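Asks: There's a structure below that I have some questions on.
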Amino acid sequence: MVTITESAQDYLAELLSKQDDALGVRVFINQPGTPRAETCIAYCRQGDVNDADQKEELVKFTVWYDAPSLPFLEDALVDYAKDRMGGQLTIKAPNAKLPRVDESSSLADRVNYVLYNEVNPALAAHGGEVSLVEITETNIAILQFGGGCQGCSAVDQTLKGGVEKTLLEQIPQLTGVRDTTDHSDTSQAYY
């Protein structure tokens with residue numbers, strides 16, 4: 001799951017020793033599974049722990065991993081490197097923006113994987129992007145376009161001929177794709 005190096009454990013233990021009310025640390029990801037995902041470590045205090053969290057007892061302190069963040073924390077590394085300025089704690093979570101996906105992954109995770117790895121790199125050439133809003137009960141992917149795609153006159157072609165076609169070919173469980181973007185704002189539109 002998450003590897004916390006010995007140097008990082010020593011550093012975090014030292015920080016925790018200066019806190020009167022900290023139970024340990026909590027590792028979580030803000031906006032997991034999105035391009036804006038950010039991996040975080042914070043002091044864990046009374047009231048911060050959720051029953052679903054995964055708890056790990058290390059030699060010097062306790063770590064709680066936020067339950068919704070767990071798939072995105074797979075293969076994460078927390079390290080501390082001393083340097084001439086003191087040192088730096090680094091967190092590398094290669095799956096923070098998107099967890100590993102396979103046939104057993106949720107439909108939303110599989111849709112996001114295709115969007116972020118195949119569709120968005122193509123749309124980026126025009127300054128555009130598309131993100132998943134939700135998957136309906138009838139397996140329709142509700143999407144929202146942004147950047148150069150919002151208000152673009154070619155967005156219908158992009159949706160039908162590109163995004164929808166790609167998603168339906170790769171994820172046969174989807175029954176359709178819908179766009180909820182307000183395209184009346186054309187200020188950023190590519191065309």
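Identifiers for the structure tokens are assigned positionally: chains receive A, B, ... in sequence, residues are indexed from 1 per chain, and ligands are indexed from 1 in the order shown.
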So which residues of chain A fall under strand (DSSP E) by DSSP, listed as an MDAnalysis selection string?

Replies: chainID A and resid 2:4 22:30 38:45 54:57 62:65 76:81 88:92 128:135 140:147 176:179

Asks: Please identify all polymer residues within 12 Å of stretch 165-181 of chain A, counting only C-alpha atoms, omitting same-chain residues fewer than 4 positions from it, and present them as a PyMOL selection string.

Replies: chain A and resi 101-103+105-120+122+129-147+149-152+155-161+185-186

Asks: Would you export the selected residues with N, CA and C atoms as a compact mmCIF listing (two decimals), in the first residue's frame, please?

Replies:
```
# COMPACT_ATOMS: atom_id res chain seq x y z
N VAL A 101 -6.74 0.54 -13.03
CA VAL A 101 -8.06 0.02 -13.38
C VAL A 101 -7.93 -1.33 -14.10
N ASP A 102 -8.96 -2.14 -13.90
CA ASP A 102 -9.09 -3.41 -14.62
C ASP A 102 -10.58 -3.71 -14.70
N GLU A 103 -10.94 -4.89 -15.14
CA GLU A 103 -12.36 -5.24 -15.32
C GLU A 103 -13.15 -5.21 -14.01
N SER A 105 -12.69 -2.92 -11.68
CA SER A 105 -12.78 -1.53 -11.22
C SER A 105 -14.18 -0.99 -11.46
N SER A 106 -14.52 0.05 -10.72
CA SER A 106 -15.84 0.66 -10.88
C SER A 106 -15.95 1.27 -12.28
N LEU A 107 -17.18 1.42 -12.73
CA LEU A 107 -17.45 2.00 -14.03
C LEU A 107 -16.89 3.43 -14.10
N ALA A 108 -17.04 4.19 -13.03
CA ALA A 108 -16.53 5.56 -12.98
C ALA A 108 -15.01 5.59 -13.12
N ASP A 109 -14.32 4.68 -12.43
CA ASP A 109 -12.86 4.63 -12.53
C ASP A 109 -12.42 4.29 -13.95
N ARG A 110 -13.12 3.38 -14.59
CA ARG A 110 -12.75 3.01 -15.96
C ARG A 110 -13.01 4.14 -16.94
N VAL A 111 -14.14 4.86 -16.76
CA VAL A 111 -14.43 6.01 -17.62
C VAL A 111 -13.36 7.09 -17.42
N ASN A 112 -13.04 7.40 -16.16
CA ASN A 112 -12.01 8.41 -15.89
C ASN A 112 -10.67 8.01 -16.50
N TYR A 113 -10.34 6.74 -16.43
CA TYR A 113 -9.08 6.27 -16.99
C TYR A 113 -9.01 6.58 -18.48
N VAL A 114 -10.07 6.26 -19.21
CA VAL A 114 -10.09 6.52 -20.66
C VAL A 114 -10.07 8.02 -20.93
N LEU A 115 -10.84 8.79 -20.16
CA LEU A 115 -10.87 10.24 -20.37
C LEU A 115 -9.49 10.86 -20.16
N TYR A 116 -8.84 10.53 -19.04
CA TYR A 116 -7.58 11.18 -18.71
C TYR A 116 -6.40 10.66 -19.50
N ASN A 117 -6.46 9.42 -19.97
CA ASN A 117 -5.31 8.86 -20.67
C ASN A 117 -5.43 8.87 -22.18
N GLU A 118 -6.64 8.95 -22.71
CA GLU A 118 -6.80 8.92 -24.17
C GLU A 118 -7.52 10.14 -24.72
N VAL A 119 -8.63 10.50 -24.11
CA VAL A 119 -9.44 11.59 -24.67
C VAL A 119 -8.81 12.96 -24.38
N ASN A 120 -8.50 13.23 -23.12
CA ASN A 120 -7.99 14.56 -22.77
C ASN A 120 -6.66 14.91 -23.42
N ALA A 122 -5.81 14.28 -26.39
CA ALA A 122 -6.18 14.74 -27.73
C ALA A 122 -6.85 16.12 -27.67
N GLU A 129 -10.71 20.02 -22.40
CA GLU A 129 -10.71 18.88 -21.49
C GLU A 129 -12.14 18.44 -21.26
N VAL A 130 -12.30 17.21 -20.81
CA VAL A 130 -13.62 16.71 -20.46
C VAL A 130 -13.47 15.91 -19.18
N SER A 131 -14.47 16.02 -18.31
CA SER A 131 -14.42 15.28 -17.05
C SER A 131 -15.76 14.60 -16.80
N LEU A 132 -15.71 13.55 -16.02
CA LEU A 132 -16.91 12.80 -15.66
C LEU A 132 -17.60 13.50 -14.51
N VAL A 133 -18.89 13.74 -14.66
CA VAL A 133 -19.70 14.32 -13.58
C VAL A 133 -20.28 13.19 -12.75
N GLU A 134 -20.89 12.21 -13.44
CA GLU A 134 -21.48 11.06 -12.75
C GLU A 134 -21.82 9.97 -13.76
N ILE A 135 -22.09 8.79 -13.20
CA ILE A 135 -22.64 7.68 -13.97
C ILE A 135 -24.05 7.48 -13.45
N THR A 136 -25.04 7.51 -14.34
CA THR A 136 -26.43 7.37 -13.90
C THR A 136 -26.73 5.90 -13.58
N GLU A 137 -27.89 5.67 -13.01
CA GLU A 137 -28.33 4.30 -12.68
C GLU A 137 -28.46 3.43 -13.93
N THR A 138 -28.67 4.07 -15.08
CA THR A 138 -28.80 3.33 -16.34
C THR A 138 -27.47 3.30 -17.11
N ASN A 139 -26.37 3.56 -16.43
CA ASN A 139 -25.01 3.51 -16.99
C ASN A 139 -24.76 4.49 -18.11
N ILE A 140 -25.31 5.69 -17.99
CA ILE A 140 -25.01 6.78 -18.91
C ILE A 140 -23.94 7.64 -18.25
N ALA A 141 -22.87 7.93 -18.98
CA ALA A 141 -21.80 8.78 -18.47
C ALA A 141 -22.18 10.24 -18.72
N ILE A 142 -22.30 11.01 -17.66
CA ILE A 142 -22.60 12.44 -17.75
C ILE A 142 -21.27 13.18 -17.70
N LEU A 143 -20.99 13.94 -18.75
CA LEU A 143 -19.70 14.61 -18.89
C LEU A 143 -19.84 16.12 -18.87
N GLN A 144 -18.72 16.78 -18.57
CA GLN A 144 -18.67 18.23 -18.65
C GLN A 144 -17.39 18.63 -19.37
N PHE A 145 -17.55 19.44 -20.39
CA PHE A 145 -16.40 19.93 -21.15
C PHE A 145 -15.91 21.23 -20.54
N GLY A 146 -14.62 21.50 -20.70
CA GLY A 146 -14.04 22.74 -20.19
C GLY A 146 -12.96 23.24 -21.13
N GLY A 147 -12.37 24.36 -20.78
CA GLY A 147 -11.32 24.95 -21.59
C GLY A 147 -11.83 25.30 -22.98
N CYS A 149 -13.05 23.52 -25.20
CA CYS A 149 -14.24 22.76 -25.65
C CYS A 149 -15.54 23.42 -25.21
N GLN A 150 -15.49 24.23 -24.14
CA GLN A 150 -16.72 24.86 -23.66
C GLN A 150 -17.12 25.96 -24.64
N GLY A 151 -18.28 25.81 -25.23
CA GLY A 151 -18.80 26.79 -26.17
C GLY A 151 -18.26 26.65 -27.58
N CYS A 152 -17.44 25.63 -27.81
CA CYS A 152 -16.86 25.41 -29.14
C CYS A 152 -17.95 24.93 -30.10
N VAL A 155 -18.18 21.06 -30.70
CA VAL A 155 -18.27 20.17 -29.54
C VAL A 155 -19.19 18.97 -29.80
N ASP A 156 -20.24 19.13 -30.59
CA ASP A 156 -21.11 18.00 -30.89
C ASP A 156 -20.35 16.91 -31.65
N GLN A 157 -19.53 17.32 -32.60
CA GLN A 157 -18.71 16.36 -33.34
C GLN A 157 -17.70 15.69 -32.41
N THR A 158 -17.12 16.48 -31.53
CA THR A 158 -16.14 15.94 -30.57
C THR A 158 -16.81 14.93 -29.66
N LEU A 159 -18.01 15.27 -29.18
CA LEU A 159 -18.72 14.37 -28.28
C LEU A 159 -19.10 13.07 -28.99
N LYS A 160 -19.79 13.17 -30.10
CA LYS A 160 -20.30 11.98 -30.79
C LYS A 160 -19.21 11.19 -31.49
N GLY A 161 -18.38 11.87 -32.28
CA GLY A 161 -17.40 11.18 -33.08
C GLY A 161 -16.12 10.79 -32.36
N ASP A 185 -21.38 30.01 -22.99
CA ASP A 185 -20.15 30.78 -22.71
C ASP A 185 -19.11 30.37 -23.74
N THR A 186 -18.86 31.25 -24.71
CA THR A 186 -17.92 30.94 -25.79
C THR A 186 -16.59 31.67 -25.64
```

Asks: I'd like the interatomic distance between atom CA of A:Asp10 and atom CA of A:Asp75, to a tenth of an Å.

Replies: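 Separation of atom CA of A:Asp10 and atom CA of A:Asp75: 20.5 Å.
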
Asks: Let me make sure I understand: among A:Gln46, A:Thr34, A:Asn95, A:Gln88, which one has the smallest atom-to-atom distance to A:Val2 if we use only C-alpha atoms?

Replies: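 The closest residue to A:Val2 is A:Asn95.
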
Asks: Can you tell me, as an NGL selection string, what residues are no more than 7 Å from A:Ile29 when counting only C-alpha atoms, ignoring any on the same chain fewer than 4 positions away?

Replies: :A and (37-40 or 69 or 96)

Asks: Would you save the residues from that selection as a CSV table (one decimal), in the first residue's frame, using N, CA and C atoms?

Replies:
```csv
chain,number,residue,atom,x,y,z
A,37,ALA,N,-5.8,16.2,-8.2
A,37,ALA,CA,-5.6,15.4,-7.0
A,37,ALA,C,-4.3,15.9,-6.3
A,38,GLU,N,-4.4,15.9,-5.0
A,38,GLU,CA,-3.3,16.3,-4.2
A,38,GLU,C,-3.2,15.4,-3.0
A,39,THR,N,-2.0,14.8,-2.8
A,39,THR,CA,-1.8,13.9,-1.7
A,39,THR,C,-1.3,14.7,-0.5
A,40,CYS,N,-1.9,14.4,0.7
A,40,CYS,CA,-1.7,15.2,1.9
A,40,CYS,C,-1.4,14.3,3.1
A,69,SER,N,-9.6,7.4,-0.2
A,69,SER,CA,-8.3,7.6,-0.8
A,69,SER,C,-7.6,6.3,-1.1
A,96,ALA,N,-2.7,8.8,-7.7
A,96,ALA,CA,-3.6,9.8,-7.1
A,96,ALA,C,-4.6,10.4,-8.0
```

Asks: Excluding A:Asn50 and any residue of its chain fewer than 5 positions from it, enumerate the residues within 12 Å of it, using only C-alpha atoms, and give them as a list in words.

Replies: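 In the requested form, the answer reads Arg26, Cys44, Arg45, Lys55, Trp64, Tyr65, Asp66, Ala67 and Pro68 of chain A.
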
Asks: How would you write, as an MDAnalysis selection string, the set of residues in chain A that DSSP gives as alpha helix (DSSP H)?

Replies: chainID A and resid 6:17 70:73 107:114 120:123 155:157 165:170

Asks: Just how far from atom CA of A:Asn30 is atom CA of A:Val163, in Å to one decimal?

Replies: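 Atom-to-atom, atom CA of A:Val163 and atom CA of A:Asn30 are spaced 26.5 Å apart.
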
Asks: Between A:Gln31, A:Gln19, A:Thr90, A:Ser7, single out the one closest to A:Leu77, counting only C-alpha atoms.

Replies: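 Going through A:Gln31, A:Gln19, A:Thr90, A:Ser7 one by one, the smallest distance to A:Leu77 is for A:Thr90.
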
Asks: Work out how far apart atom CA of A:Gly87 and atom CA of A:Phe72 are and give it in Å to one decimal.

Replies: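 Between atom CA of A:Gly87 and atom CA of A:Phe72 the gap is 26.0 Å.
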
Asks: From the set A:Tyr191, A:Glu57, A:Tyr80, A:Leu23, which residue has the shortest atom-to-atom contact distance to A:Tyr43, counting only C-alpha atoms?

Replies: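 Once distances to A:Tyr43 are computed over only C-alpha atoms, the minimum belongs to A:Leu23.
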